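Novice: Please find run-v5.pdb (PDB, C-alpha atoms and all ligand atoms) on the next line:
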ATOM      1  CA  MET A   6     158.277  59.064 130.197
ATOM      2  CA  ARG A   7     158.645  61.053 126.992
ATOM      3  CA  PHE A   8     156.535  63.704 125.316
ATOM      4  CA  GLU A   9     156.147  63.005 121.590
ATOM      5  CA  GLY A  10     153.635  65.708 120.679
ATOM      6  CA  SER A  11     149.871  65.571 120.397
ATOM      7  CA  SER A  12     147.214  65.793 117.720
ATOM      8  CA  ASP A  13     145.634  69.031 118.975
ATOM      9  CA  TYR A  14     148.759  71.012 119.822
ATOM     10  CA  VAL A  15     151.585  71.860 117.463
ATOM     11  CA  ALA A  16     154.866  71.347 119.299
ATOM     12  CA  THR A  17     158.037  72.197 117.384
ATOM     13  CA  PRO A  18     160.990  69.780 117.813
ATOM     14  CA  ASP A  19     162.877  72.237 120.039
ATOM     15  CA  LEU A  20     159.859  72.565 122.323
ATOM     16  CA  MET A  21     159.545  68.778 122.638
ATOM     17  CA  LEU A  22     163.269  68.599 123.353
ATOM     18  CA  ALA A  23     162.887  71.136 126.159
ATOM     19  CA  VAL A  24     159.936  69.287 127.706
ATOM     20  CA  ASN A  25     161.840  66.012 127.690
ATOM     21  CA  ALA A  26     164.994  67.654 129.027
ATOM     22  CA  ALA A  27     163.025  69.007 131.992
ATOM     23  CA  ILE A  28     161.488  65.566 132.602
ATOM     24  CA  THR A  29     164.930  63.923 132.497
ATOM     25  CA  LEU A  30     166.523  66.510 134.779
ATOM     26  CA  GLN A  31     163.471  66.410 137.072
ATOM     27  CA  ARG A  32     163.496  70.179 137.122
ATOM     28  CA  PRO A  33     160.653  72.628 136.465
ATOM     29  CA  LEU A  34     160.334  73.809 132.863
ATOM     30  CA  LEU A  35     160.155  77.593 132.763
ATOM     31  CA  VAL A  36     158.261  78.618 129.618
ATOM     32  CA  LYS A  37     158.283  82.163 128.301
ATOM     33  CA  GLY A  38     156.930  83.654 125.090
ATOM     34  CA  GLU A  39     154.558  86.280 123.734
ATOM     35  CA  PRO A  40     150.984  86.114 125.065
ATOM     36  CA  GLY A  41     148.903  83.558 123.211
ATOM     37  CA  THR A  42     151.779  81.381 121.991
ATOM     38  CA  GLY A  43     150.541  78.284 123.798
ATOM     39  CA  LYS A  44     152.401  78.355 127.123
ATOM     40  CA  THR A  45     149.426  77.408 129.280
ATOM     41  CA  MET A  46     148.139  74.931 126.747
ATOM     42  CA  LEU A  47     151.535  73.188 126.702
ATOM     43  CA  ALA A  48     151.112  71.936 130.277
ATOM     44  CA  GLU A  49     147.575  70.747 129.519
ATOM     45  CA  THR A  50     148.820  68.985 126.405
ATOM     46  CA  VAL A  51     151.759  67.245 128.069
ATOM     47  CA  ALA A  52     149.558  66.055 130.955
ATOM     48  CA  ALA A  53     146.989  64.660 128.522
ATOM     49  CA  ALA A  54     149.635  63.057 126.285
ATOM     50  CA  LEU A  55     151.346  61.336 129.222
ATOM     51  CA  GLY A  56     148.011  60.408 130.791
ATOM     52  CA  LEU A  57     148.782  62.225 134.052
ATOM     53  CA  PRO A  58     146.423  64.393 136.117
ATOM     54  CA  LEU A  59     147.049  68.137 135.808
ATOM     55  CA  LEU A  60     146.993  70.369 138.877
ATOM     56  CA  GLN A  61     146.748  74.031 137.921
ATOM     57  CA  TRP A  62     147.778  76.958 140.051
ATOM     58  CA  HIS A  63     146.958  80.321 138.478
ATOM     59  CA  ILE A  64     149.010  83.044 140.090
ATOM     60  CA  LYS A  65     147.629  86.519 140.888
ATOM     61  CA  SER A  66     149.285  89.594 142.359
ATOM     62  CA  THR A  67     148.019  88.571 145.806
ATOM     63  CA  THR A  68     149.048  84.887 145.646
ATOM     64  CA  LYS A  69     151.442  83.726 148.359
ATOM     65  CA  ALA A  70     153.741  80.714 148.079
ATOM     66  CA  GLN A  71     152.236  79.247 151.249
ATOM     67  CA  GLN A  72     148.865  78.880 149.495
ATOM     68  CA  GLY A  73     150.413  76.300 147.199
ATOM     69  CA  LEU A  74     151.419  74.221 150.228
ATOM     70  CA  TYR A  75     148.495  74.576 152.636
ATOM     71  CA  GLU A  76     146.404  77.102 154.525
ATOM     72  CA  TYR A  77     145.222  76.961 158.085
ATOM     73  CA  ASP A  78     141.528  77.878 158.323
ATOM     74  CA  ALA A  79     141.444  79.557 161.720
ATOM     75  CA  VAL A  80     138.035  81.155 161.095
ATOM     76  CA  SER A  81     136.245  77.805 160.684
ATOM     77  CA  ARG A  82     137.955  76.493 163.775
ATOM     78  CA  LEU A  83     136.823  79.450 165.838
ATOM     79  CA  ARG A  84     133.273  79.091 164.530
ATOM     80  CA  ASP A  85     133.206  75.365 165.363
ATOM     81  CA  SER A  86     134.444  76.034 168.866
ATOM     82  CA  GLN A  87     131.598  78.513 169.401
ATOM     83  CA  LEU A  88     128.944  76.195 167.925
ATOM     84  CA  GLY A  89     129.925  73.331 170.223
ATOM     85  CA  GLY A  90     128.294  69.893 169.909
ATOM     86  CA  GLU A  91     129.405  67.860 166.915
ATOM     87  CA  HIS A  92     131.325  70.833 165.579
ATOM     88  CA  GLY A  93     133.023  71.303 168.904
ATOM     89  CA  ASN A  94     134.462  67.785 168.738
ATOM     90  CA  ARG A  95     136.300  68.603 165.521
ATOM     91  CA  VAL A  96     138.099  71.496 167.126
ATOM     92  CA  HIS A  97     140.666  69.358 168.936
ATOM     93  CA  ASP A  98     142.082  67.907 165.747
ATOM     94  CA  ILE A  99     143.823  70.790 164.044
ATOM     95  CA  SER A 100     144.278  68.789 160.833
ATOM     96  CA  ASN A 101     140.529  69.262 160.218
ATOM     97  CA  TYR A 102     141.334  72.885 159.441
ATOM     98  CA  ILE A 103     144.315  72.443 157.184
ATOM     99  CA  VAL A 104     143.396  73.074 153.544
ATOM    100  CA  LYS A 105     145.774  71.391 151.103
ATOM    101  CA  GLY A 106     147.254  73.474 148.304
ATOM    102  CA  VAL A 107     148.233  72.353 144.822
ATOM    103  CA  LEU A 108     151.743  71.194 145.793
ATOM    104  CA  TRP A 109     150.504  69.130 148.725
ATOM    105  CA  GLN A 110     147.855  67.513 146.510
ATOM    106  CA  ALA A 111     150.548  66.642 143.964
ATOM    107  CA  PHE A 112     152.980  65.365 146.625
ATOM    108  CA  SER A 113     150.385  63.081 148.186
ATOM    109  CA  ALA A 114     148.911  61.757 144.926
ATOM    110  CA  GLU A 115     149.038  57.996 144.286
ATOM    111  CA  SER A 116     150.624  58.463 140.856
ATOM    112  CA  PRO A 117     152.855  61.127 139.265
ATOM    113  CA  THR A 118     151.122  64.387 138.353
ATOM    114  CA  VAL A 119     151.773  67.474 136.259
ATOM    115  CA  ILE A 120     151.748  70.834 138.037
ATOM    116  CA  LEU A 121     151.181  74.104 136.190
ATOM    117  CA  ILE A 122     152.264  77.261 137.988
ATOM    118  CA  ASP A 123     150.773  79.722 135.534
ATOM    119  CA  GLU A 124     152.041  83.314 135.187
ATOM    120  CA  VAL A 125     154.566  83.208 138.006
ATOM    121  CA  ASP A 126     155.588  86.810 137.214
ATOM    122  CA  LYS A 127     152.205  88.124 138.441
ATOM    123  CA  ALA A 128     153.087  87.506 142.083
ATOM    124  CA  ASP A 129     155.421  89.645 144.155
ATOM    125  CA  ILE A 130     159.158  89.229 143.927
ATOM    126  CA  GLU A 131     159.385  86.961 147.000
ATOM    127  CA  PHE A 132     157.043  84.360 145.547
ATOM    128  CA  PRO A 133     159.555  82.367 143.457
ATOM    129  CA  ASN A 134     162.158  82.513 146.227
ATOM    130  CA  ASP A 135     159.648  81.190 148.743
ATOM    131  CA  LEU A 136     159.096  78.097 146.607
ATOM    132  CA  LEU A 137     162.760  77.264 145.955
ATOM    133  CA  ARG A 138     163.145  74.611 148.607
ATOM    134  CA  GLU A 139     159.767  72.989 148.013
ATOM    135  CA  LEU A 140     160.376  72.637 144.276
ATOM    136  CA  ASP A 141     163.948  71.464 144.763
ATOM    137  CA  ARG A 142     163.562  68.963 147.588
ATOM    138  CA  MET A 143     159.884  68.248 146.924
ATOM    139  CA  GLU A 144     159.076  68.378 150.610
ATOM    140  CA  PHE A 145     157.861  70.845 153.225
ATOM    141  CA  TYR A 146     157.022  70.953 156.907
ATOM    142  CA  VAL A 147     153.567  71.599 158.358
ATOM    143  CA  TYR A 148     154.121  73.472 161.613
ATOM    144  CA  GLU A 149     150.530  73.176 162.855
ATOM    145  CA  THR A 150     150.520  69.366 162.789
ATOM    146  CA  ARG A 151     154.302  68.856 163.001
ATOM    147  CA  GLU A 152     154.455  66.623 159.977
ATOM    148  CA  LEU A 153     156.825  66.496 157.039
ATOM    149  CA  VAL A 154     155.096  66.201 153.676
ATOM    150  CA  LYS A 155     157.311  64.463 151.114
ATOM    151  CA  ALA A 156     156.425  63.846 147.482
ATOM    152  CA  ARG A 157     155.617  60.184 146.826
ATOM    153  CA  HIS A 158     156.331  60.833 143.132
ATOM    154  CA  ARG A 159     158.211  63.809 141.744
ATOM    155  CA  PRO A 160     155.673  65.827 139.758
ATOM    156  CA  ILE A 161     156.475  67.305 136.351
ATOM    157  CA  VAL A 162     156.372  71.070 136.874
ATOM    158  CA  PHE A 163     155.585  73.736 134.269
ATOM    159  CA  ILE A 164     156.057  77.382 135.141
ATOM    160  CA  THR A 165     154.963  80.096 132.710
ATOM    161  CA  SER A 166     155.959  83.751 132.674
ATOM    162  CA  ASN A 167     155.035  86.746 130.552
ATOM    163  CA  ASN A 168     158.183  88.572 131.570
ATOM    164  CA  GLU A 169     156.440  91.251 133.626
ATOM    165  CA  LYS A 170     159.059  90.808 136.332
ATOM    166  CA  GLU A 171     162.603  89.449 136.404
ATOM    167  CA  LEU A 172     162.884  86.135 138.200
ATOM    168  CA  PRO A 173     165.605  85.669 140.832
ATOM    169  CA  ASP A 174     168.810  83.902 139.771
ATOM    170  CA  ALA A 175     168.515  81.249 142.463
ATOM    171  CA  PHE A 176     165.120  80.346 141.052
ATOM    172  CA  LEU A 177     166.365  80.308 137.455
ATOM    173  CA  ARG A 178     169.241  78.012 138.389
ATOM    174  CA  ARG A 179     166.744  75.318 139.354
ATOM    175  CA  CYS A 180     164.716  75.443 136.129
ATOM    176  CA  PHE A 181     165.149  74.311 132.566
ATOM    177  CA  PHE A 182     164.271  77.233 130.308
ATOM    178  CA  HIS A 183     162.454  77.433 126.997
ATOM    179  CA  TYR A 184     161.315  80.460 125.029
ATOM    180  CA  ILE A 185     158.463  79.681 122.631
ATOM    181  CA  LYS A 186     159.485  81.586 119.515
ATOM    182  CA  PHE A 187     156.681  83.198 117.588
ATOM    183  CA  PRO A 188     155.561  80.562 115.043
ATOM    184  CA  ASP A 189     156.843  80.982 111.481
ATOM    185  CA  LYS A 190     154.361  80.782 108.602
ATOM    186  CA  GLU A 191     154.703  77.032 108.222
ATOM    187  CA  THR A 192     154.153  76.312 111.918
ATOM    188  CA  MET A 193     151.250  78.745 111.981
ATOM    189  CA  GLN A 194     149.740  76.907 109.037
ATOM    190  CA  SER A 195     149.908  73.646 111.055
ATOM    191  CA  ILE A 196     148.320  75.327 114.075
ATOM    192  CA  ILE A 197     145.464  76.564 111.891
ATOM    193  CA  ASP A 198     145.048  73.067 110.430
ATOM    194  CA  VAL A 199     144.693  71.663 113.943
ATOM    195  CA  HIS A 200     141.955  74.149 114.837
ATOM    196  CA  PHE A 201     140.147  74.404 111.509
ATOM    197  CA  PRO A 202     140.662  71.238 109.509
ATOM    198  CA  GLY A 203     139.352  71.604 105.983
ATOM    199  CA  LEU A 204     139.413  75.405 105.886
ATOM    200  CA  LYS A 205     139.760  76.822 102.370
ATOM    201  CA  LYS A 206     143.462  77.017 101.450
ATOM    202  CA  THR A 207     143.065  80.376  99.721
ATOM    203  CA  LEU A 208     141.445  81.917 102.787
ATOM    204  CA  ILE A 209     144.259  80.653 105.018
ATOM    205  CA  ARG A 210     146.912  81.936 102.599
ATOM    206  CA  GLU A 211     145.396  85.411 102.346
ATOM    207  CA  ALA A 212     144.724  85.609 106.082
ATOM    208  CA  LEU A 213     148.285  84.572 106.932
ATOM    209  CA  GLU A 214     149.614  87.145 104.474
ATOM    210  CA  VAL A 215     147.603  89.946 106.092
ATOM    211  CA  PHE A 216     148.433  88.723 109.599
ATOM    212  CA  PHE A 217     152.207  88.563 109.161
ATOM    213  CA  GLU A 218     152.247  91.900 107.320
ATOM    214  CA  LEU A 219     150.341  93.447 110.190
ATOM    215  CA  ARG A 220     152.826  92.090 112.718
ATOM    216  CA  GLU A 221     155.655  93.706 110.801
ATOM    217  CA  ILE A 222     154.284  97.242 110.944
ATOM    218  CA  PRO A 223     156.941  99.210 112.842
ATOM    219  CA  GLY A 224     155.714 100.913 115.988
ATOM    220  CA  LEU A 225     152.762  98.652 116.656
ATOM    221  CA  LYS A 226     151.958  98.762 120.377
ATOM    222  CA  LYS A 227     150.618  95.229 120.537
ATOM    223  CA  LYS A 228     151.321  92.671 117.874
ATOM    224  CA  PRO A 229     148.494  90.191 117.322
ATOM    225  CA  SER A 230     149.356  86.636 118.344
ATOM    226  CA  THR A 231     148.389  83.067 117.548
ATOM    227  CA  SER A 232     145.178  83.022 119.540
ATOM    228  CA  GLU A 233     144.099  86.313 117.946
ATOM    229  CA  LEU A 234     144.704  84.959 114.457
ATOM    230  CA  LEU A 235     142.560  81.938 115.351
ATOM    231  CA  ASP A 236     139.779  84.224 116.621
ATOM    232  CA  TRP A 237     139.951  86.259 113.449
ATOM    233  CA  LEU A 238     139.774  83.182 111.211
ATOM    234  CA  LYS A 239     136.791  81.920 113.181
ATOM    235  CA  LEU A 240     135.018  85.228 112.523
ATOM    236  CA  LEU A 241     135.951  85.255 108.835
ATOM    237  CA  VAL A 242     134.401  81.805 108.511
ATOM    238  CA  ALA A 243     131.323  82.703 110.562
ATOM    239  CA  GLU A 244     130.715  85.853 108.511
ATOM    240  CA  ASP A 245     131.448  83.994 105.302
ATOM    241  CA  ILE A 246     134.032  86.548 104.166
ATOM    242  CA  PRO A 247     135.586  85.537 100.829
ATOM    243  CA  PRO A 248     139.414  85.372 100.560
ATOM    244  CA  GLU A 249     139.372  88.107  97.896
ATOM    245  CA  ALA A 250     137.918  90.573 100.390
ATOM    246  CA  LEU A 251     141.061  90.318 102.505
ATOM    247  CA  ARG A 252     143.283  91.601  99.769
ATOM    248  CA  ALA A 253     141.454  92.892  96.777
ATOM    249  CA  LYS A 254     143.988  93.556  93.988
ATOM    250  CA  ASP A 255     142.550  96.932  93.021
ATOM    251  CA  GLN A 256     142.842  98.453  96.461
ATOM    252  CA  LYS A 257     146.302  97.076  97.279
ATOM    253  CA  ALA A 258     145.951  97.940 100.913
ATOM    254  CA  ALA A 259     142.771  98.046 102.895
ATOM    255  CA  ILE A 260     141.871  97.695 106.514
ATOM    256  CA  PRO A 261     141.107  94.009 106.985
ATOM    257  CA  PRO A 262     137.518  93.182 107.907
ATOM    258  CA  LEU A 263     136.861  92.453 111.592
ATOM    259  CA  HIS A 264     140.269  93.880 112.529
ATOM    260  CA  GLY A 265     139.070  94.219 116.128
ATOM    261  CA  ALA A 266     140.165  90.620 116.576
ATOM    262  CA  LEU A 267     143.749  91.562 115.688
ATOM    263  CA  LEU A 268     144.356  95.177 116.709
ATOM    264  CA  LYS A 269     143.590  95.866 120.342
ATOM    265  CA  ASN A 270     144.096  99.574 120.829
ATOM    266  CA  GLU A 271     143.156 102.770 119.041
ATOM    267  CA  GLN A 272     146.752 103.895 118.398
ATOM    268  CA  ASP A 273     147.411 100.726 116.415
ATOM    269  CA  VAL A 274     144.190 101.119 114.445
ATOM    270  CA  HIS A 275     145.090 104.768 113.631
ATOM    271  CA  LEU A 276     148.614 103.750 112.648
ATOM    272  CA  PHE A 277     147.222 101.147 110.334
ATOM    273  CA  GLU A 278     144.666 103.540 108.832
ATOM    274  CA  ARG A 279     147.447 106.050 108.115
ATOM    275  CA  LEU A 280     149.501 103.395 106.332
ATOM    276  CA  VAL A 281     146.505 102.392 104.216
ATOM    277  CA  PHE A 282     145.851 106.029 103.384
ATOM    278  CA  MET A 283     149.472 106.538 102.305
ATOM    279  CA  ALA A 284     149.422 103.382 100.196
ATOM    280  CA  ARG A 285     146.332 104.660  98.384
ATOM    281  CA  GLN A 286     147.927 108.081  97.735
ATOM    282  CA  ASN A 287     150.976 106.439  96.175
ATOM    283  CA  ARG A 288     148.946 104.357  93.767
TER     284      ARG A 288
HETATM  285  N1  LIG B   1     151.185  75.408 119.250
HETATM  286  C1  LIG B   1     149.851  75.527 119.291
HETATM  287  N2  LIG B   1     149.062  74.532 118.845
HETATM  288  C2  LIG B   1     147.728  74.660 118.889
HETATM  289  N3  LIG B   1     147.074  75.724 119.358
HETATM  290  C3  LIG B   1     147.793  76.752 119.830
HETATM  291  C4  LIG B   1     149.212  76.709 119.831
HETATM  292  N4  LIG B   1     149.683  77.862 120.351
HETATM  293  C5  LIG B   1     148.607  78.599 120.667
HETATM  294  N5  LIG B   1     147.468  77.948 120.362
HETATM  295  C6  LIG B   1     146.104  78.476 120.555
HETATM  296  O1  LIG B   1     146.211  79.715 121.220
HETATM  297  C7  LIG B   1     145.421  79.730 122.402
HETATM  298  C8  LIG B   1     146.162  80.452 123.483
HETATM  299  O2  LIG B   1     147.148  79.627 124.050
HETATM  300  P1  LIG B   1     147.571  79.752 125.567
HETATM  301  O3  LIG B   1     146.439  80.209 126.401
HETATM  302  O4  LIG B   1     148.241  78.499 125.940
HETATM  303  O5  LIG B   1     148.632  80.936 125.424
HETATM  304  P2  LIG B   1     149.586  81.539 126.534
HETATM  305  O6  LIG B   1     150.949  81.549 125.948
HETATM  306  O7  LIG B   1     149.378  80.848 127.822
HETATM  307  O8  LIG B   1     149.053  83.028 126.593
HETATM  308  P3  LIG B   1     149.091  84.048 127.844
HETATM  309  O9  LIG B   1     150.530  84.455 127.998
HETATM  310  O10 LIG B   1     148.234  85.179 127.387
HETATM  311  O11 LIG B   1     148.534  83.301 129.019
HETATM  312  C9  LIG B   1     145.160  78.270 122.745
HETATM  313  O12 LIG B   1     143.899  78.110 123.333
HETATM  314  C10 LIG B   1     145.205  77.597 121.411
HETATM  315  O13 LIG B   1     143.922  77.630 120.842
HETATM  316 MG    MG B   2     148.616  81.472 129.638
END
Do you think you could lay out the structure here as structure tokens?
Ligand SMILES: Nc1ncnc2c1ncn2[C@@H]1O[C@H](COP(=O)(O)OP(=O)(O)OP(=O)(O)O)[C@@H](O)[C@H]1O
Ligand SMILES: [Mg+2]

Specialist:
Amino acid sequence: MRFEGSSDYVATPDLMLAVNAAITLQRPLLVKGEPGTGKTMLAETVAAALGLPLLQWHIKSTTKAQQGLYEYDAVSRLRDSQLGGEHGNRVHDISNYIVKGVLWQAFSAESPTVILIDEVDKADIEFPNDLLRELDRMEFYVYETRELVKARHRPIVFITSNNEKELPDAFLRRCFFHYIKFPDKETMQSIIDVHFPGLKKTLIREALEVFFELREIPGLKKKPSTSELLDWLKLLVAEDIPPEALRAKDQKAAIPPLHGALLKNEQDVHLFERLVFMARQNR
């Protein structure tokens, strides 16, 4: 099984290398990178390219590792025992109240699967540690039914992180790591081509120019990312904004139209306005 890229996702050679290294090692691939650089989409793309089902687990601050294995639904069981009759008959078999989590579903699947554990850094610090054994050995024990669940096929595991929390060393040791570097102009051009085939070359050139200049402004609180550039381009096309309007020669620097797609807080907008003002004064 090898990942060779896909027609709707631009994967650089080093990213493909990392994906295939993780597949060969049979270890989870830990993917980091700025927001909007395609971490989540990578798992979707690899699953589609390899023709494997994707099981997604989106992590929140309240998510517990156990939820990925299974949960015991004690409330339903109590209700059934009170209702009696047909419901009452179910009560004796505790497995009727075990709800399978993403890992169990993947372990029991007929064919190999891809698991995405998205934004692992959102959970509390114990979360990655609690999954060490399950991800390593690909098995876990169900105490309620006294059964051992073992993976029939080792799933391909993607774990993404936005670096909000440090991950424990023991967890890192078990992963293959890849940092998605922010795309250079050429890669960005390919990403745009994938999303907007046939877009006017001049518009793309001017938009990329403005975008990368904006990212380089020192002191920006939040740099715009790939997905924000794509949003902005979509708006420029929808509003039929001509390429010249992005960078009119006579005004050297101007606030780009629809900048709300790129700049996401008032400090950054003010900073940018000040720079434009200074550029005009110096003309
Ligand atoms: N390499 C790429 N090829 C094609 N599209 C891309 C690529 N990188 C990013 N995109 C676009 O950017 C969007 C955001 O990507 P995605 O949601 O995977 O980012 P992310 O890294 O998971 O962000 P976050 O950290 O905020 O969750 C995608 O829907 C896609 O349209
Ligand atoms: Mg994501």

Novice: Any residue with an atom at most 10 Å from ligand LIG 1 (chain B) counts, using all atoms listed in the file. Which are they? Put them as an NGL selection string.

Specialist: :A and (11-17 or 20 or 36-50 or 123-124 or 165-168 or 185 or 187-188 or 192-193 or 195-200 or 230-236)

Novice: Could you check how far atom CA of A:Arg32 sits from atom CA of A:Leu108, in Å to one decimal?

Specialist: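 Pair atom CA of A:Arg32 / atom CA of A:Leu108 returns 14.6 Å.
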
Novice: When distances are computed from only C-alpha atoms, which of A:Asn25, A:Met6, A:Lys69, A:Lys226 shows the smallest separation from A:Phe163?

Specialist: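 The shortest atom-to-atom distance to A:Phe163 comes from A:Asn25.
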
Novice: Neighbours of A:Ile164 within 6 Å (only C-alpha atoms; same-chain residues fewer than 4 positions away dropped), as a list in words?

Specialist: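 Listing them by chain and then by number gives Leu35, Leu121, Ile122 and Asp123 of chain A.
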
Novice: If you count all atoms listed in the file, which residues fall within 9 Å of A:Val215, apart from same-chain ones fewer than 4 positions away, as a PyMOL selection string?

Specialist: chain A and resi 210-211+219-220+251-252+261

Novice: May I have the selected residues written with C-alpha atoms, as an mmCIF file, keeping the file's coordinate frame?

Specialist:
data_model
loop_
_atom_site.group_PDB
_atom_site.id
_atom_site.type_symbol
_atom_site.label_atom_id
_atom_site.label_comp_id
_atom_site.auth_asym_id
_atom_site.auth_seq_id
_atom_site.Cartn_x
_atom_site.Cartn_y
_atom_site.Cartn_z
ATOM 1 C CA ARG A 210 146.912 81.936 102.599
ATOM 2 C CA GLU A 211 145.396 85.411 102.346
ATOM 3 C CA LEU A 219 150.341 93.447 110.190
ATOM 4 C CA ARG A 220 152.826 92.090 112.718
ATOM 5 C CA LEU A 251 141.061 90.318 102.505
ATOM 6 C CA ARG A 252 143.283 91.601 99.769
ATOM 7 C CA PRO A 261 141.107 94.009 106.985
#

Novice: Give me, as a list in words, all polymer residues having an atom no more than 12 Å from A:Leu172, counting only C-alpha atoms and skipping those fewer than 3 positions away in the same chain.

Specialist: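 Answer for this query is Leu35, Lys37, Glu124, Val125, Asp126, Lys127, Ala128, Asp129, Ile130, Glu131, Phe132, Pro133, Asn134, Leu137, Ile164, Thr165, Ser166, Asn167, Asn168, Glu169, Ala175, Phe176, Leu177, Arg178, Arg179, Cys180 and Phe182 of chain A.
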
Novice: Considering only C-alpha atoms, can you say which of A:Asp174, A:Glu218, A:Glu144, A:Asp85 comes closest to A:Tyr102?

Specialist: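 With only C-alpha atoms as the atom set, the closest residue is A:Asp85.
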
Novice: So the first atom is atom CA of A:Leu34 and the second is atom CA of A:Trp109; what is the distance between them in Å, to one decimal place?

Specialist: 19.2 Å

Novice: The PyMOL selection byres (((chain A and resi 22) around 12) and not hetatm) on the file shown: which residues, as a list of chain:residue names?

Specialist: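 Selected by the PyMOL selection byres (((chain A and resi 22) around 12) and not hetatm) in this file: A:Arg7, A:Phe8, A:Glu9, A:Gly10, A:Ala16, A:Thr17, A:Pro18, A:Asp19, A:Leu20, A:Met21, A:Ala23, A:Val24, A:Asn25, A:Ala26, A:Ala27, A:Ile28, A:Thr29, A:Leu34, A:Phe181, A:Phe182, A:His183.
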